[in-house]
Amino acid sequence: MVGPMRVSTVKAPLLFAFLVAAAALLLIGPGAAKASPLDVEVIQSTATEHDPKVGLHIEGARRAREVALYVDGDLRRRDRSWPWGFGRDGRIQLKAGRHEIAVAARFRETRQIRRETVFVRNRRVERSRRNKQASIGISANKPLKKAPRTPVPLPPATDLWHGDFETGDISQWDMVQQVASDRITIAQDPKRQGNYAARFEVRPGDNIGDTAPRAELASFLDEEEGEERYYRWFTYFDPNFPTEYEDEFVTFTQWRAEDESDAYTSFMVWGDEIELRRDGTRWSTPLTKGVWHEFIYHVKWSPDPDVGFIELWYDGEHVLAPLNVDTMAGSPGDAVQNYVKQGLYKADEIPTGVVYHDGFVAGPTLEAVQGA
Ligand SMILES: [Ca+2]
């Protein structure tokens, strides 16, 4: 009789833990995984004697279209640039005492808010609980206070995504990377589609973080493993674009894995050649400057090189038949999604370059994107 009783007392906590976990999953819902976790870290204050300031680092929120920082209920910063400028552009000022810090991230379909209480005393920032070191981390696994309990359905696959600047600004894109607001501007001459194109200028020294100089836009289009998608856009290289640097890279459109494990395809310029690279050069053509070029890129998204493929039309010609390559990181059944970047990213050695993009559209069929 003792045996079964002992077994049940051991099992009961396990069963309880399982039920709690299952309940938590039901509450959060499968849609919660769609948005990346938002981690907030308050870094050690390097405050002056009377001026405690707090450096904030926000990580894991790159899918966010916008991140806003609130202190004691007041909006202190709002940012669409990445990396989020809170930690980069200087620290926020906090008086001694208790403060409620909230970071709100707005994703395409959801909004997430993280809150933490901190204490500033003796010129140090202390978190309200757990270890009282100056740095706090807000757990990504904590249930979201204001996340919707049911996922918002994604638009049907027949919908087109436009990054064509017809809003007259760059707001269609999720993420902006530029060192100053004059690097990515709306242009009407030249333009290729509708009323507006975008002009990207990158000068030596336009480095963001430890990477090469860049001015880029990015969007998370949520392509699932096994899905096929067509992308159409137009690119114009300024007549003065430097093309004498054969051994230095220029990237003007690229797909990257969200975990940064790989650049999954890159449309590049090396010297005076345009190249499509994925594990080596898959297509190239001489670059003609001062005219618009049309790209239609077809991808089957898969980490399996026997399933995934890429295909390309350039200036109306079918230049690359479907070519089997892995187009996602991860493994079959556990793929890492990609995001698309368009703009200009180039080696330090290359002088100032200007490129225009227009008419980016993503859709389910060739006909859909051609007619967009
Ligand atoms: Ca346009």
# chains A, B, ... in the order shown; residues from 1 in each chain; ligands from 1
>>> residues_around(residues="Ile208 (chain A)", least_positions_apart="6", cutoff="8 Å", atoms="only C-alpha atoms", output="list of chain:residue names")
A:Gln177, A:Gln178, A:Val179, A:Arg214
>>> closest_atom_pairs(of="chain A", to="ligand 1", cutoff="8 Å", atoms="only C-alpha atoms and all ligand atoms", output="CSV")
residue,atom,partner,partner_atom_place_in_ligand_line,distance
A:Asp164,CA,ligand 1,1 (Ca),4.3
A:Phe165,CA,ligand 1,1 (Ca),5.0
A:Glu166,CA,ligand 1,1 (Ca),5.0
A:Lys191,CA,ligand 1,1 (Ca),6.7
A:Arg192,CA,ligand 1,1 (Ca),6.5
A:Gln193,CA,ligand 1,1 (Ca),4.3
A:Gly194,CA,ligand 1,1 (Ca),4.5
A:Asn195,CA,ligand 1,1 (Ca),5.5
A:Tyr196,CA,ligand 1,1 (Ca),4.2
A:Ala197,CA,ligand 1,1 (Ca),4.7
A:Ala198,CA,ligand 1,1 (Ca),7.9
A:Asp358,CA,ligand 1,1 (Ca),5.0
A:Gly359,CA,ligand 1,1 (Ca),4.8
A:Phe360,CA,ligand 1,1 (Ca),8.0
>>> write_last_selection(atoms="N, CA and C atoms", output="mmCIF file, in the first residue's frame")
data_model
loop_
_atom_site.group_PDB
_atom_site.id
_atom_site.type_symbol
_atom_site.label_atom_id
_atom_site.label_comp_id
_atom_site.auth_asym_id
_atom_site.auth_seq_id
_atom_site.Cartn_x
_atom_site.Cartn_y
_atom_site.Cartn_z
ATOM 1 N N ASP A 164 6.634 50.123 -52.052
ATOM 2 C CA ASP A 164 6.861 50.879 -53.300
ATOM 3 C C ASP A 164 6.871 52.388 -53.102
ATOM 4 N N PHE A 165 6.798 52.839 -51.838
ATOM 5 C CA PHE A 165 6.916 54.267 -51.478
ATOM 6 C C PHE A 165 5.741 55.112 -51.956
ATOM 7 N N GLU A 166 4.642 54.449 -52.359
ATOM 8 C CA GLU A 166 3.495 55.229 -52.836
ATOM 9 C C GLU A 166 2.763 55.937 -51.700
ATOM 10 N N LYS A 191 12.022 58.030 -61.073
ATOM 11 C CA LYS A 191 11.080 57.085 -60.473
ATOM 12 C C LYS A 191 10.704 56.094 -61.555
ATOM 13 N N ARG A 192 10.170 54.967 -61.147
ATOM 14 C CA ARG A 192 9.867 53.929 -62.132
ATOM 15 C C ARG A 192 8.416 53.461 -62.052
ATOM 16 N N GLN A 193 7.836 53.583 -60.847
ATOM 17 C CA GLN A 193 6.485 53.045 -60.637
ATOM 18 C C GLN A 193 5.708 54.025 -59.785
ATOM 19 N N GLY A 194 4.495 54.367 -60.202
ATOM 20 C CA GLY A 194 3.673 55.283 -59.419
ATOM 21 C C GLY A 194 4.289 56.665 -59.366
ATOM 22 N N ASN A 195 4.138 57.305 -58.215
ATOM 23 C CA ASN A 195 4.595 58.694 -58.068
ATOM 24 C C ASN A 195 5.927 58.836 -57.349
ATOM 25 N N TYR A 196 6.303 57.807 -56.595
ATOM 26 C CA TYR A 196 7.476 57.971 -55.736
ATOM 27 C C TYR A 196 8.424 56.780 -55.795
ATOM 28 N N ALA A 197 9.707 57.090 -55.752
ATOM 29 C CA ALA A 197 10.756 56.093 -55.542
ATOM 30 C C ALA A 197 11.518 56.510 -54.280
ATOM 31 N N ALA A 198 12.548 55.755 -53.925
ATOM 32 C CA ALA A 198 13.373 56.156 -52.777
ATOM 33 C C ALA A 198 14.827 56.219 -53.206
ATOM 34 N N ASP A 358 12.516 51.212 -56.373
ATOM 35 C CA ASP A 358 11.100 51.538 -56.526
ATOM 36 C C ASP A 358 10.305 50.251 -56.736
ATOM 37 N N GLY A 359 9.031 50.317 -56.442
ATOM 38 C CA GLY A 359 8.082 49.295 -56.867
ATOM 39 C C GLY A 359 8.221 47.930 -56.234
ATOM 40 N N PHE A 360 8.833 47.835 -55.049
ATOM 41 C CA PHE A 360 8.950 46.506 -54.440
ATOM 42 C C PHE A 360 7.559 45.979 -54.083
#
>>> atom_distance(atom1="CA of Asp315 (chain A)", atom2="CA of Val361 (chain A)")
15.9 Å
>>> select_by_dssp(residues="region 103-339 of chain A", states="strand (DSSP E or B)", output="number ranges by chain")
A: 103-106, 111-121, 124-127, 136-137, 161-163, 175-177, 184-187, 197-202, 207, 213-219, 228-237, 249-257, 263-270, 273-277, 281-286, 292-300, 309-314, 317-324, 329-331, 334-336, 338-339
>>> write_last_selection(atoms="C-alpha atoms", output="CSV table (one decimal), in the first residue's frame")
chain,number,residue,atom,x,y,z
A,103,VAL,CA,8.8,49.4,-23.2
A,104,ALA,CA,6.1,49.0,-25.8
A,105,ALA,CA,6.9,47.3,-29.1
A,106,ARG,CA,4.4,47.6,-32.0
A,111,ARG,CA,1.6,45.1,-29.5
A,112,GLN,CA,3.7,44.0,-26.6
A,113,ILE,CA,4.4,45.9,-23.4
A,114,ARG,CA,7.1,45.0,-20.8
A,115,ARG,CA,7.2,46.7,-17.5
A,116,GLU,CA,9.8,46.7,-14.8
A,117,THR,CA,10.3,48.7,-11.6
A,118,VAL,CA,13.7,50.0,-10.8
A,119,PHE,CA,15.2,52.0,-8.0
A,120,VAL,CA,17.9,54.6,-8.4
A,121,ARG,CA,19.9,55.2,-5.3
A,124,ARG,CA,23.1,53.1,-9.0
A,125,VAL,CA,20.2,51.5,-10.7
A,126,GLU,CA,18.7,48.5,-8.8
A,127,ARG,CA,16.0,46.3,-10.0
A,136,ILE,CA,18.0,43.9,-15.0
A,137,GLY,CA,16.6,41.6,-17.6
A,161,TRP,CA,2.9,43.4,-49.8
A,162,HIS,CA,4.0,46.8,-51.1
A,163,GLY,CA,7.2,48.5,-50.3
A,175,MET,CA,12.8,48.9,-40.0
A,176,VAL,CA,15.1,51.7,-41.0
A,177,GLN,CA,18.9,51.8,-40.8
A,184,ILE,CA,17.1,57.6,-47.3
A,185,THR,CA,14.8,60.1,-49.0
A,186,ILE,CA,11.7,60.0,-51.3
A,187,ALA,CA,12.5,60.8,-54.9
A,197,ALA,CA,10.8,56.1,-55.5
A,198,ALA,CA,13.4,56.2,-52.8
A,199,ARG,CA,16.9,57.4,-53.0
A,200,PHE,CA,19.6,55.8,-50.9
A,201,GLU,CA,23.0,57.5,-50.4
A,202,VAL,CA,25.8,55.9,-48.5
A,207,ASN,CA,28.7,52.7,-40.5
A,213,PRO,CA,28.4,51.7,-44.2
A,214,ARG,CA,24.8,51.3,-45.0
A,215,ALA,CA,21.4,52.9,-45.5
A,216,GLU,CA,18.7,50.2,-45.7
A,217,LEU,CA,15.1,49.4,-45.1
A,218,ALA,CA,13.9,46.0,-43.9
A,219,SER,CA,10.6,44.1,-43.6
A,228,GLU,CA,6.6,30.1,-52.7
A,229,ARG,CA,6.7,33.9,-53.2
A,230,TYR,CA,7.5,36.3,-56.0
A,231,TYR,CA,9.2,39.6,-55.5
A,232,ARG,CA,9.3,42.4,-58.0
A,233,TRP,CA,11.3,45.6,-57.8
A,234,PHE,CA,13.2,48.2,-59.8
A,235,THR,CA,16.7,49.5,-59.1
A,236,TYR,CA,18.6,52.4,-60.7
A,237,PHE,CA,22.3,53.1,-60.1
A,249,PHE,CA,31.2,44.4,-52.1
A,250,VAL,CA,28.0,46.4,-52.7
A,251,THR,CA,24.7,44.9,-51.6
A,252,PHE,CA,21.5,46.5,-52.8
A,253,THR,CA,18.8,43.9,-51.9
A,254,GLN,CA,19.2,40.9,-49.6
A,255,TRP,CA,17.3,38.3,-47.7
A,256,ARG,CA,18.8,37.4,-44.3
A,257,ALA,CA,17.9,34.8,-41.7
A,263,ALA,CA,22.5,36.0,-45.7
A,264,TYR,CA,20.2,33.8,-47.7
A,265,THR,CA,20.5,35.6,-51.0
A,266,SER,CA,22.2,38.8,-51.9
A,267,PHE,CA,21.8,41.0,-55.0
A,268,MET,CA,25.2,42.6,-55.2
A,269,VAL,CA,27.5,44.7,-57.4
A,270,TRP,CA,31.2,43.8,-57.6
A,273,GLU,CA,28.9,43.5,-62.5
A,274,ILE,CA,25.5,42.8,-60.9
A,275,GLU,CA,25.5,39.4,-59.2
A,276,LEU,CA,23.0,37.2,-57.5
A,277,ARG,CA,24.8,35.3,-54.7
A,281,THR,CA,27.5,33.5,-57.7
A,282,ARG,CA,24.4,32.1,-59.3
A,283,TRP,CA,23.9,34.8,-62.0
A,284,SER,CA,25.7,37.9,-63.1
A,285,THR,CA,25.4,40.6,-65.8
A,286,PRO,CA,27.2,43.8,-66.7
A,292,TRP,CA,16.0,51.4,-64.3
A,293,HIS,CA,16.4,47.6,-64.1
A,294,GLU,CA,13.6,45.2,-63.3
A,295,PHE,CA,14.1,42.2,-61.0
A,296,ILE,CA,11.5,39.5,-60.5
A,297,TYR,CA,12.8,37.0,-58.0
A,298,HIS,CA,10.9,33.7,-57.2
A,299,VAL,CA,11.7,31.7,-54.1
A,300,LYS,CA,10.5,28.5,-52.6
A,309,PHE,CA,14.8,27.0,-55.1
A,310,ILE,CA,15.5,30.4,-56.6
A,311,GLU,CA,14.5,31.7,-60.0
A,312,LEU,CA,15.1,35.1,-61.6
A,313,TRP,CA,13.8,37.4,-64.4
A,314,TYR,CA,15.9,40.5,-65.2
A,317,GLU,CA,14.2,38.1,-69.5
A,318,HIS,CA,14.1,34.7,-67.7
A,319,VAL,CA,17.8,34.6,-66.7
A,320,LEU,CA,17.8,31.9,-64.0
A,321,ALA,CA,15.7,28.8,-64.2
A,322,PRO,CA,14.6,27.3,-60.9
A,323,LEU,CA,17.8,26.4,-59.1
A,324,ASN,CA,17.7,24.1,-56.0
A,329,ALA,CA,18.4,28.5,-42.1
A,330,GLY,CA,17.5,25.8,-39.6
A,331,SER,CA,16.4,22.4,-40.5
A,334,ASP,CA,12.3,23.9,-37.8
A,335,ALA,CA,13.2,26.6,-40.3
A,336,VAL,CA,14.3,30.1,-39.4
A,338,ASN,CA,14.0,35.5,-43.3
A,339,TYR,CA,13.6,39.2,-43.7
>>> closest_residue(among="A:His99, A:Glu244, A:Gln337, A:Ala372", to="Glu260 (chain A)", atoms="only C-alpha atoms")
A:Gln337
>>> atom_distance(atom1="CA of Val71 (chain A)", atom2="CA of Ala96 (chain A)")
13.1 Å
>>> atom_distance(atom1="CA of Gly353 (chain A)", atom2="CA of Ile170 (chain A)")
19.7 Å
>>> closest_residue(among="A:Gly205, A:Arg76, A:Glu66, A:Glu227", to="Ala102 (chain A)", atoms="only C-alpha atoms")
A:Arg76
>>> closest_residue(among="A:Leu160, A:Leu69, A:Ala64, A:Val325", to="Val369 (chain A)", atoms="only C-alpha atoms")
A:Leu160
